[in-house]
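structure-v3.txt (compact mmCIF, N, CA and C atoms)
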```
# COMPACT_ATOMS: atom_id res chain seq x y z
N MET A 231 -74.83 -64.13 46.88
CA MET A 231 -74.76 -63.53 48.19
C MET A 231 -75.83 -64.18 49.05
N SER A 232 -75.40 -64.68 50.20
CA SER A 232 -76.34 -65.36 51.08
C SER A 232 -77.15 -64.35 51.88
N PRO A 233 -78.33 -64.74 52.37
CA PRO A 233 -79.14 -63.82 53.17
C PRO A 233 -78.39 -63.33 54.41
N GLU A 234 -77.53 -64.18 54.98
CA GLU A 234 -76.78 -63.77 56.16
C GLU A 234 -75.84 -62.62 55.83
N SER A 235 -75.25 -62.62 54.63
CA SER A 235 -74.29 -61.58 54.28
C SER A 235 -74.98 -60.28 53.88
N ALA A 236 -76.28 -60.30 53.67
CA ALA A 236 -77.01 -59.10 53.26
C ALA A 236 -77.38 -58.22 54.45
N THR A 237 -77.10 -58.66 55.67
CA THR A 237 -77.43 -57.85 56.84
C THR A 237 -76.31 -56.88 57.11
N SER A 238 -76.55 -55.95 58.01
CA SER A 238 -75.50 -55.01 58.38
C SER A 238 -74.85 -55.43 59.69
N GLN A 239 -74.91 -56.71 60.02
CA GLN A 239 -74.25 -57.23 61.21
C GLN A 239 -72.78 -57.44 60.91
N PRO A 240 -71.91 -57.30 61.93
CA PRO A 240 -70.50 -57.52 61.70
C PRO A 240 -70.23 -58.93 61.22
N SER A 241 -69.23 -59.06 60.31
CA SER A 241 -68.86 -60.40 59.86
C SER A 241 -68.11 -61.10 60.99
N GLN A 242 -68.09 -62.41 60.94
CA GLN A 242 -67.49 -63.20 62.00
C GLN A 242 -65.98 -63.25 61.83
N SER A 243 -65.24 -63.20 62.93
CA SER A 243 -63.80 -63.36 62.90
C SER A 243 -63.41 -64.43 63.90
N GLN A 244 -62.21 -64.95 63.77
CA GLN A 244 -61.71 -65.96 64.66
C GLN A 244 -61.38 -65.30 66.01
N PRO A 245 -61.52 -66.04 67.12
CA PRO A 245 -61.18 -65.47 68.43
C PRO A 245 -59.74 -64.95 68.42
N GLY A 246 -59.57 -63.71 68.95
CA GLY A 246 -58.24 -63.12 69.01
C GLY A 246 -57.80 -62.48 67.70
N GLN A 247 -58.61 -62.56 66.67
CA GLN A 247 -58.25 -61.99 65.36
C GLN A 247 -59.13 -60.76 65.11
N ALA A 248 -58.48 -59.64 64.79
CA ALA A 248 -59.22 -58.40 64.54
C ALA A 248 -59.91 -58.46 63.18
N LEU A 249 -61.06 -57.80 63.09
CA LEU A 249 -61.74 -57.68 61.81
C LEU A 249 -60.93 -56.79 60.88
N PRO A 250 -60.96 -57.06 59.58
CA PRO A 250 -60.35 -56.11 58.65
C PRO A 250 -61.03 -54.75 58.78
N LEU A 251 -60.28 -53.70 58.53
CA LEU A 251 -60.84 -52.36 58.56
C LEU A 251 -61.85 -52.19 57.43
N LEU A 252 -61.49 -52.65 56.23
CA LEU A 252 -62.35 -52.52 55.06
C LEU A 252 -62.27 -53.79 54.25
N GLU A 253 -63.44 -54.30 53.85
CA GLU A 253 -63.52 -55.46 52.97
C GLU A 253 -64.46 -55.13 51.82
N VAL A 254 -63.98 -55.25 50.62
CA VAL A 254 -64.81 -55.15 49.43
C VAL A 254 -64.89 -56.57 48.90
N ASP A 255 -66.09 -57.11 48.81
CA ASP A 255 -66.26 -58.52 48.49
C ASP A 255 -67.14 -58.70 47.25
N SER A 256 -66.53 -59.16 46.16
CA SER A 256 -67.25 -59.50 44.92
C SER A 256 -68.10 -58.34 44.40
N LEU A 257 -67.58 -57.13 44.45
CA LEU A 257 -68.31 -55.95 44.03
C LEU A 257 -68.47 -55.90 42.51
N THR A 258 -69.71 -55.80 42.07
CA THR A 258 -70.02 -55.72 40.64
C THR A 258 -70.96 -54.53 40.43
N VAL A 259 -70.60 -53.65 39.49
CA VAL A 259 -71.37 -52.43 39.24
C VAL A 259 -71.60 -52.29 37.74
N ASP A 260 -72.84 -51.97 37.38
CA ASP A 260 -73.20 -51.67 35.98
C ASP A 260 -73.55 -50.20 35.87
N ILE A 261 -73.40 -49.66 34.67
CA ILE A 261 -73.79 -48.27 34.41
C ILE A 261 -74.56 -48.23 33.10
N ASP A 262 -75.63 -47.42 33.08
CA ASP A 262 -76.41 -47.23 31.86
C ASP A 262 -75.70 -46.22 30.99
N GLY A 263 -75.48 -46.60 29.73
CA GLY A 263 -74.86 -45.70 28.78
C GLY A 263 -75.79 -45.44 27.61
N GLU A 264 -75.29 -44.75 26.61
CA GLU A 264 -76.12 -44.42 25.45
C GLU A 264 -76.54 -45.66 24.67
N VAL A 265 -75.74 -46.73 24.74
CA VAL A 265 -76.07 -47.95 23.99
C VAL A 265 -76.39 -49.12 24.91
N GLY A 266 -76.84 -48.82 26.14
CA GLY A 266 -77.25 -49.88 27.06
C GLY A 266 -76.34 -49.98 28.26
N LYS A 267 -76.54 -51.04 29.04
CA LYS A 267 -75.76 -51.25 30.27
C LYS A 267 -74.36 -51.75 29.95
N HIS A 268 -73.42 -51.27 30.77
CA HIS A 268 -72.03 -51.73 30.67
C HIS A 268 -71.56 -52.11 32.06
N ARG A 269 -70.84 -53.20 32.17
CA ARG A 269 -70.25 -53.60 33.45
C ARG A 269 -68.99 -52.78 33.64
N ILE A 270 -68.95 -51.97 34.71
CA ILE A 270 -67.77 -51.14 34.95
C ILE A 270 -66.89 -51.70 36.07
N LEU A 271 -67.45 -52.53 36.95
CA LEU A 271 -66.68 -53.27 37.95
C LEU A 271 -67.20 -54.70 37.94
N ASP A 272 -66.28 -55.64 37.92
CA ASP A 272 -66.69 -57.05 37.83
C ASP A 272 -65.94 -57.86 38.88
N ASP A 273 -66.64 -58.21 39.96
CA ASP A 273 -66.12 -59.10 40.99
C ASP A 273 -64.85 -58.55 41.65
N VAL A 274 -64.90 -57.29 42.07
CA VAL A 274 -63.76 -56.65 42.74
C VAL A 274 -63.75 -57.03 44.21
N SER A 275 -62.60 -57.46 44.71
CA SER A 275 -62.45 -57.80 46.12
C SER A 275 -61.16 -57.19 46.65
N ILE A 276 -61.26 -56.54 47.81
CA ILE A 276 -60.12 -55.88 48.46
C ILE A 276 -60.27 -56.11 49.96
N THR A 277 -59.17 -56.35 50.65
CA THR A 277 -59.17 -56.40 52.10
C THR A 277 -58.08 -55.47 52.61
N LEU A 278 -58.45 -54.59 53.55
CA LEU A 278 -57.52 -53.65 54.15
C LEU A 278 -57.52 -53.87 55.65
N GLU A 279 -56.39 -54.27 56.18
CA GLU A 279 -56.26 -54.51 57.62
C GLU A 279 -55.95 -53.20 58.33
N PRO A 280 -56.32 -53.08 59.62
CA PRO A 280 -56.00 -51.86 60.37
C PRO A 280 -54.49 -51.57 60.34
N GLY A 281 -54.14 -50.31 60.07
CA GLY A 281 -52.74 -49.90 60.04
C GLY A 281 -51.99 -50.25 58.77
N GLU A 282 -52.65 -50.93 57.84
CA GLU A 282 -52.00 -51.36 56.61
C GLU A 282 -52.13 -50.28 55.54
N PRO A 283 -50.99 -49.80 55.01
CA PRO A 283 -51.09 -48.83 53.90
C PRO A 283 -51.51 -49.55 52.63
N MET A 284 -52.25 -48.85 51.77
CA MET A 284 -52.68 -49.47 50.52
C MET A 284 -52.78 -48.41 49.45
N GLY A 285 -52.40 -48.77 48.26
CA GLY A 285 -52.59 -47.92 47.10
C GLY A 285 -53.41 -48.68 46.08
N LEU A 286 -54.17 -47.96 45.31
CA LEU A 286 -54.98 -48.57 44.26
C LEU A 286 -54.43 -48.08 42.93
N VAL A 287 -53.81 -48.98 42.19
CA VAL A 287 -53.17 -48.61 40.93
C VAL A 287 -53.74 -49.44 39.79
N GLY A 288 -53.69 -48.89 38.61
CA GLY A 288 -54.16 -49.60 37.43
C GLY A 288 -54.17 -48.67 36.24
N GLU A 289 -54.42 -49.25 35.10
CA GLU A 289 -54.46 -48.47 33.87
C GLU A 289 -55.66 -47.52 33.88
N SER A 290 -55.59 -46.53 33.03
CA SER A 290 -56.71 -45.61 32.85
C SER A 290 -57.95 -46.41 32.43
N GLY A 291 -59.06 -46.15 33.11
CA GLY A 291 -60.31 -46.84 32.78
C GLY A 291 -60.45 -48.21 33.40
N SER A 292 -59.55 -48.58 34.33
CA SER A 292 -59.61 -49.92 34.92
C SER A 292 -60.60 -50.03 36.09
N GLY A 293 -61.15 -48.89 36.57
CA GLY A 293 -62.17 -48.96 37.61
C GLY A 293 -61.73 -48.46 38.97
N LYS A 294 -60.55 -47.84 39.07
CA LYS A 294 -60.07 -47.34 40.36
C LYS A 294 -61.03 -46.32 40.96
N SER A 295 -61.39 -45.32 40.19
CA SER A 295 -62.27 -44.26 40.70
C SER A 295 -63.65 -44.80 41.04
N MET A 296 -64.21 -45.65 40.20
CA MET A 296 -65.55 -46.20 40.46
C MET A 296 -65.54 -47.13 41.67
N THR A 297 -64.44 -47.83 41.90
CA THR A 297 -64.34 -48.66 43.10
C THR A 297 -64.41 -47.77 44.34
N LEU A 298 -63.62 -46.69 44.34
CA LEU A 298 -63.62 -45.79 45.49
C LEU A 298 -64.94 -45.05 45.62
N ARG A 299 -65.54 -44.65 44.52
CA ARG A 299 -66.84 -43.97 44.60
C ARG A 299 -67.91 -44.90 45.15
N THR A 300 -67.84 -46.19 44.82
CA THR A 300 -68.79 -47.16 45.36
C THR A 300 -68.60 -47.30 46.86
N ILE A 301 -67.34 -47.42 47.30
CA ILE A 301 -67.05 -47.54 48.73
C ILE A 301 -67.59 -46.33 49.49
N LEU A 302 -67.46 -45.15 48.91
CA LEU A 302 -67.89 -43.92 49.56
C LEU A 302 -69.38 -43.62 49.37
N GLY A 303 -70.09 -44.43 48.59
CA GLY A 303 -71.51 -44.19 48.32
C GLY A 303 -71.74 -43.02 47.40
N MET A 304 -70.81 -42.78 46.49
CA MET A 304 -70.88 -41.62 45.60
C MET A 304 -70.95 -42.01 44.13
N LEU A 305 -71.66 -43.09 43.83
CA LEU A 305 -71.81 -43.50 42.43
C LEU A 305 -72.63 -42.48 41.65
N PRO A 306 -72.35 -42.35 40.36
CA PRO A 306 -73.20 -41.47 39.54
C PRO A 306 -74.61 -42.05 39.44
N PRO A 307 -75.61 -41.23 39.12
CA PRO A 307 -77.00 -41.70 39.08
C PRO A 307 -77.23 -42.88 38.14
N ALA A 308 -76.47 -43.00 37.09
CA ALA A 308 -76.69 -44.08 36.13
C ALA A 308 -76.05 -45.40 36.55
N ALA A 309 -75.30 -45.42 37.64
CA ALA A 309 -74.60 -46.63 38.08
C ALA A 309 -75.43 -47.40 39.09
N THR A 310 -75.33 -48.73 39.03
CA THR A 310 -76.08 -49.61 39.92
C THR A 310 -75.17 -50.69 40.47
N VAL A 311 -75.18 -50.89 41.79
CA VAL A 311 -74.46 -52.02 42.38
C VAL A 311 -75.29 -53.27 42.11
N VAL A 312 -74.73 -54.20 41.36
CA VAL A 312 -75.43 -55.41 40.97
C VAL A 312 -75.24 -56.51 42.01
N GLU A 313 -74.05 -56.57 42.58
CA GLU A 313 -73.74 -57.63 43.52
C GLU A 313 -72.56 -57.20 44.38
N GLY A 314 -72.42 -57.82 45.53
CA GLY A 314 -71.26 -57.61 46.37
C GLY A 314 -71.56 -56.81 47.62
N GLU A 315 -70.55 -56.69 48.44
CA GLU A 315 -70.65 -55.99 49.71
C GLU A 315 -69.42 -55.12 49.92
N VAL A 316 -69.61 -54.05 50.68
CA VAL A 316 -68.51 -53.24 51.18
C VAL A 316 -68.69 -53.20 52.69
N ARG A 317 -67.75 -53.81 53.42
CA ARG A 317 -67.86 -53.88 54.88
C ARG A 317 -66.77 -53.01 55.51
N PHE A 318 -67.18 -52.13 56.40
CA PHE A 318 -66.27 -51.33 57.20
C PHE A 318 -66.35 -51.85 58.62
N ARG A 319 -65.24 -52.36 59.13
CA ARG A 319 -65.20 -52.98 60.46
C ARG A 319 -66.30 -54.02 60.62
N GLY A 320 -66.54 -54.78 59.57
CA GLY A 320 -67.48 -55.89 59.62
C GLY A 320 -68.92 -55.57 59.27
N ARG A 321 -69.27 -54.30 59.11
CA ARG A 321 -70.65 -53.93 58.78
C ARG A 321 -70.76 -53.56 57.31
N ASN A 322 -71.80 -54.08 56.67
CA ASN A 322 -72.04 -53.80 55.26
C ASN A 322 -72.52 -52.36 55.12
N ILE A 323 -71.64 -51.46 54.70
CA ILE A 323 -71.99 -50.05 54.62
C ILE A 323 -72.81 -49.71 53.38
N LEU A 324 -72.91 -50.60 52.42
CA LEU A 324 -73.79 -50.34 51.28
C LEU A 324 -75.24 -50.35 51.71
N ARG A 325 -75.55 -51.05 52.80
CA ARG A 325 -76.93 -51.16 53.28
C ARG A 325 -77.16 -50.42 54.59
N MET A 326 -76.10 -50.00 55.24
CA MET A 326 -76.21 -49.45 56.59
C MET A 326 -77.05 -48.18 56.68
N PHE A 327 -76.91 -47.26 55.75
CA PHE A 327 -77.57 -45.96 55.86
C PHE A 327 -78.76 -45.82 54.93
N SER A 328 -79.37 -46.92 54.55
CA SER A 328 -80.50 -46.86 53.62
C SER A 328 -81.77 -46.43 54.34
N PRO A 329 -82.70 -45.80 53.61
CA PRO A 329 -83.97 -45.38 54.20
C PRO A 329 -84.77 -46.59 54.68
N PRO A 330 -85.70 -46.40 55.62
CA PRO A 330 -86.46 -47.52 56.18
C PRO A 330 -87.25 -48.32 55.15
N GLU A 331 -87.77 -47.67 54.09
CA GLU A 331 -88.60 -48.42 53.14
C GLU A 331 -87.79 -49.24 52.16
N SER A 332 -86.47 -49.16 52.25
CA SER A 332 -85.62 -49.89 51.33
C SER A 332 -84.43 -50.45 52.08
N ASP A 333 -83.93 -51.63 51.65
CA ASP A 333 -82.71 -52.11 52.27
C ASP A 333 -81.51 -51.85 51.38
N PHE A 334 -81.62 -50.93 50.43
CA PHE A 334 -80.49 -50.56 49.60
C PHE A 334 -80.62 -49.07 49.25
N PRO A 335 -79.52 -48.31 49.33
CA PRO A 335 -79.64 -46.86 49.17
C PRO A 335 -79.91 -46.37 47.75
N PHE A 336 -79.92 -47.26 46.77
CA PHE A 336 -80.13 -46.86 45.39
C PHE A 336 -81.38 -47.51 44.83
N ASP A 337 -82.13 -46.79 43.97
CA ASP A 337 -83.30 -47.39 43.35
C ASP A 337 -82.89 -48.17 42.11
N ASP A 338 -83.86 -48.73 41.38
CA ASP A 338 -83.56 -49.58 40.23
C ASP A 338 -82.80 -48.86 39.13
N SER A 339 -82.93 -47.54 39.05
CA SER A 339 -82.21 -46.79 38.02
C SER A 339 -80.82 -46.39 38.49
N GLY A 340 -80.45 -46.75 39.72
CA GLY A 340 -79.14 -46.42 40.25
C GLY A 340 -79.08 -45.09 40.97
N ARG A 341 -80.20 -44.41 41.07
CA ARG A 341 -80.24 -43.13 41.78
C ARG A 341 -80.37 -43.36 43.28
N ARG A 342 -79.71 -42.51 44.06
CA ARG A 342 -79.79 -42.62 45.51
C ARG A 342 -81.20 -42.30 45.97
N ARG A 343 -81.76 -43.17 46.82
CA ARG A 343 -83.09 -42.94 47.37
C ARG A 343 -83.05 -41.78 48.35
N GLN A 344 -84.15 -41.06 48.46
CA GLN A 344 -84.25 -39.97 49.42
C GLN A 344 -84.98 -40.45 50.66
N HIS A 345 -84.56 -39.95 51.80
CA HIS A 345 -85.24 -40.26 53.05
C HIS A 345 -86.58 -39.54 53.05
N PRO A 346 -87.67 -40.16 53.52
CA PRO A 346 -89.00 -39.53 53.47
C PRO A 346 -89.05 -38.14 54.07
N GLU A 347 -88.34 -37.88 55.17
CA GLU A 347 -88.35 -36.55 55.78
C GLU A 347 -87.76 -35.50 54.84
N ASN A 348 -86.69 -35.87 54.14
CA ASN A 348 -86.04 -34.94 53.22
C ASN A 348 -86.87 -34.75 51.95
N ARG A 349 -87.56 -35.80 51.53
CA ARG A 349 -88.36 -35.73 50.32
C ARG A 349 -89.48 -34.70 50.46
N ALA A 350 -90.12 -34.65 51.62
CA ALA A 350 -91.22 -33.72 51.84
C ALA A 350 -90.74 -32.27 51.79
N GLN A 351 -89.52 -32.02 52.21
CA GLN A 351 -88.98 -30.67 52.21
C GLN A 351 -88.30 -30.32 50.88
N GLY A 352 -88.15 -31.28 50.02
CA GLY A 352 -87.51 -31.05 48.74
C GLY A 352 -86.00 -31.06 48.80
N HIS A 353 -85.41 -31.57 49.89
CA HIS A 353 -83.96 -31.63 50.02
C HIS A 353 -83.47 -32.98 49.54
N ARG A 354 -82.29 -33.00 48.95
CA ARG A 354 -81.70 -34.26 48.51
C ARG A 354 -80.67 -34.73 49.53
N LEU A 355 -80.52 -36.00 49.63
CA LEU A 355 -79.46 -36.55 50.48
C LEU A 355 -78.12 -36.28 49.83
N PRO A 356 -77.08 -36.16 50.64
CA PRO A 356 -75.75 -35.93 50.06
C PRO A 356 -75.29 -37.12 49.27
```
Rewritten as structure tokens:
Amino acid sequence: MSPESATSQPSQSQPGQALPLLEVDSLTVDIDGEVGKHRILDDVSITLEPGEPMGLVGESGSGKSMTLRTILGMLPPAATVVEGEVRFRGRNILRMFSPPESDFPFDDSGRRRQHPENRAQGHRLP
């Protein structure tokens, strides 16, 4: 992943061409288990154009739910995004809502970071 792609700036499109509504680019996620780390998503890429219907199908355990949970920012505490981007209308939403002291919403253990204001009050982020 290049430094340019790590920003939350919209991705570039050709003149007259609309940005995709959602782009999942090379998404890789690991999860800590009882016997160590396991790769649960490996290089997942999806593009959804505005107005385009899409279904996500696959065998049980193929990563459908974890892909959607990653897009929604709802990974379990033991899961960590290792690589990739999720862009909504050109903006990397994996980094968009992160606290100021971090450019990624999850810490090294895969737990969602708390915003300093919420931490002082003892509230957790959703």
Expected answer as a PyMOL selection string: all residues with atoms within 9 Å of (-68.1, -48.9, 42.8), only C-alpha atoms = chain A and resi 257-260+270-271+274+293-305+309-311
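From atom CA of Arg319 of chain A back to atom CA of Ala248 of chain A, the distance works out to 9.0 Å.
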**Residues within 10 Å of (-58.1, -57.0, 59.9), counting only C-alpha atoms, listed as a VMD selection string** = chain A and resid 243 247 to 253 277 to 282 319 to 320
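Closest to Pro306 of chain A among A:Ser256, A:Arg321, A:Gly263, A:Ser275 is A:Gly263, based on only C-alpha atoms.
Of note, atom C of Gly314 of chain A and atom CA of Gly266 of chain A are spaced 22.4 Å apart.
The interatomic distance for the pair atom C of Ser290 of chain A and atom C of Arg269 of chain A works out to 12.8 Å.
Among the candidates A:Leu286, A:Ile323, A:Glu313, A:Gly291, the residue lying nearest to Asp272 of chain A is A:Glu313 (atoms considered: only C-alpha atoms).
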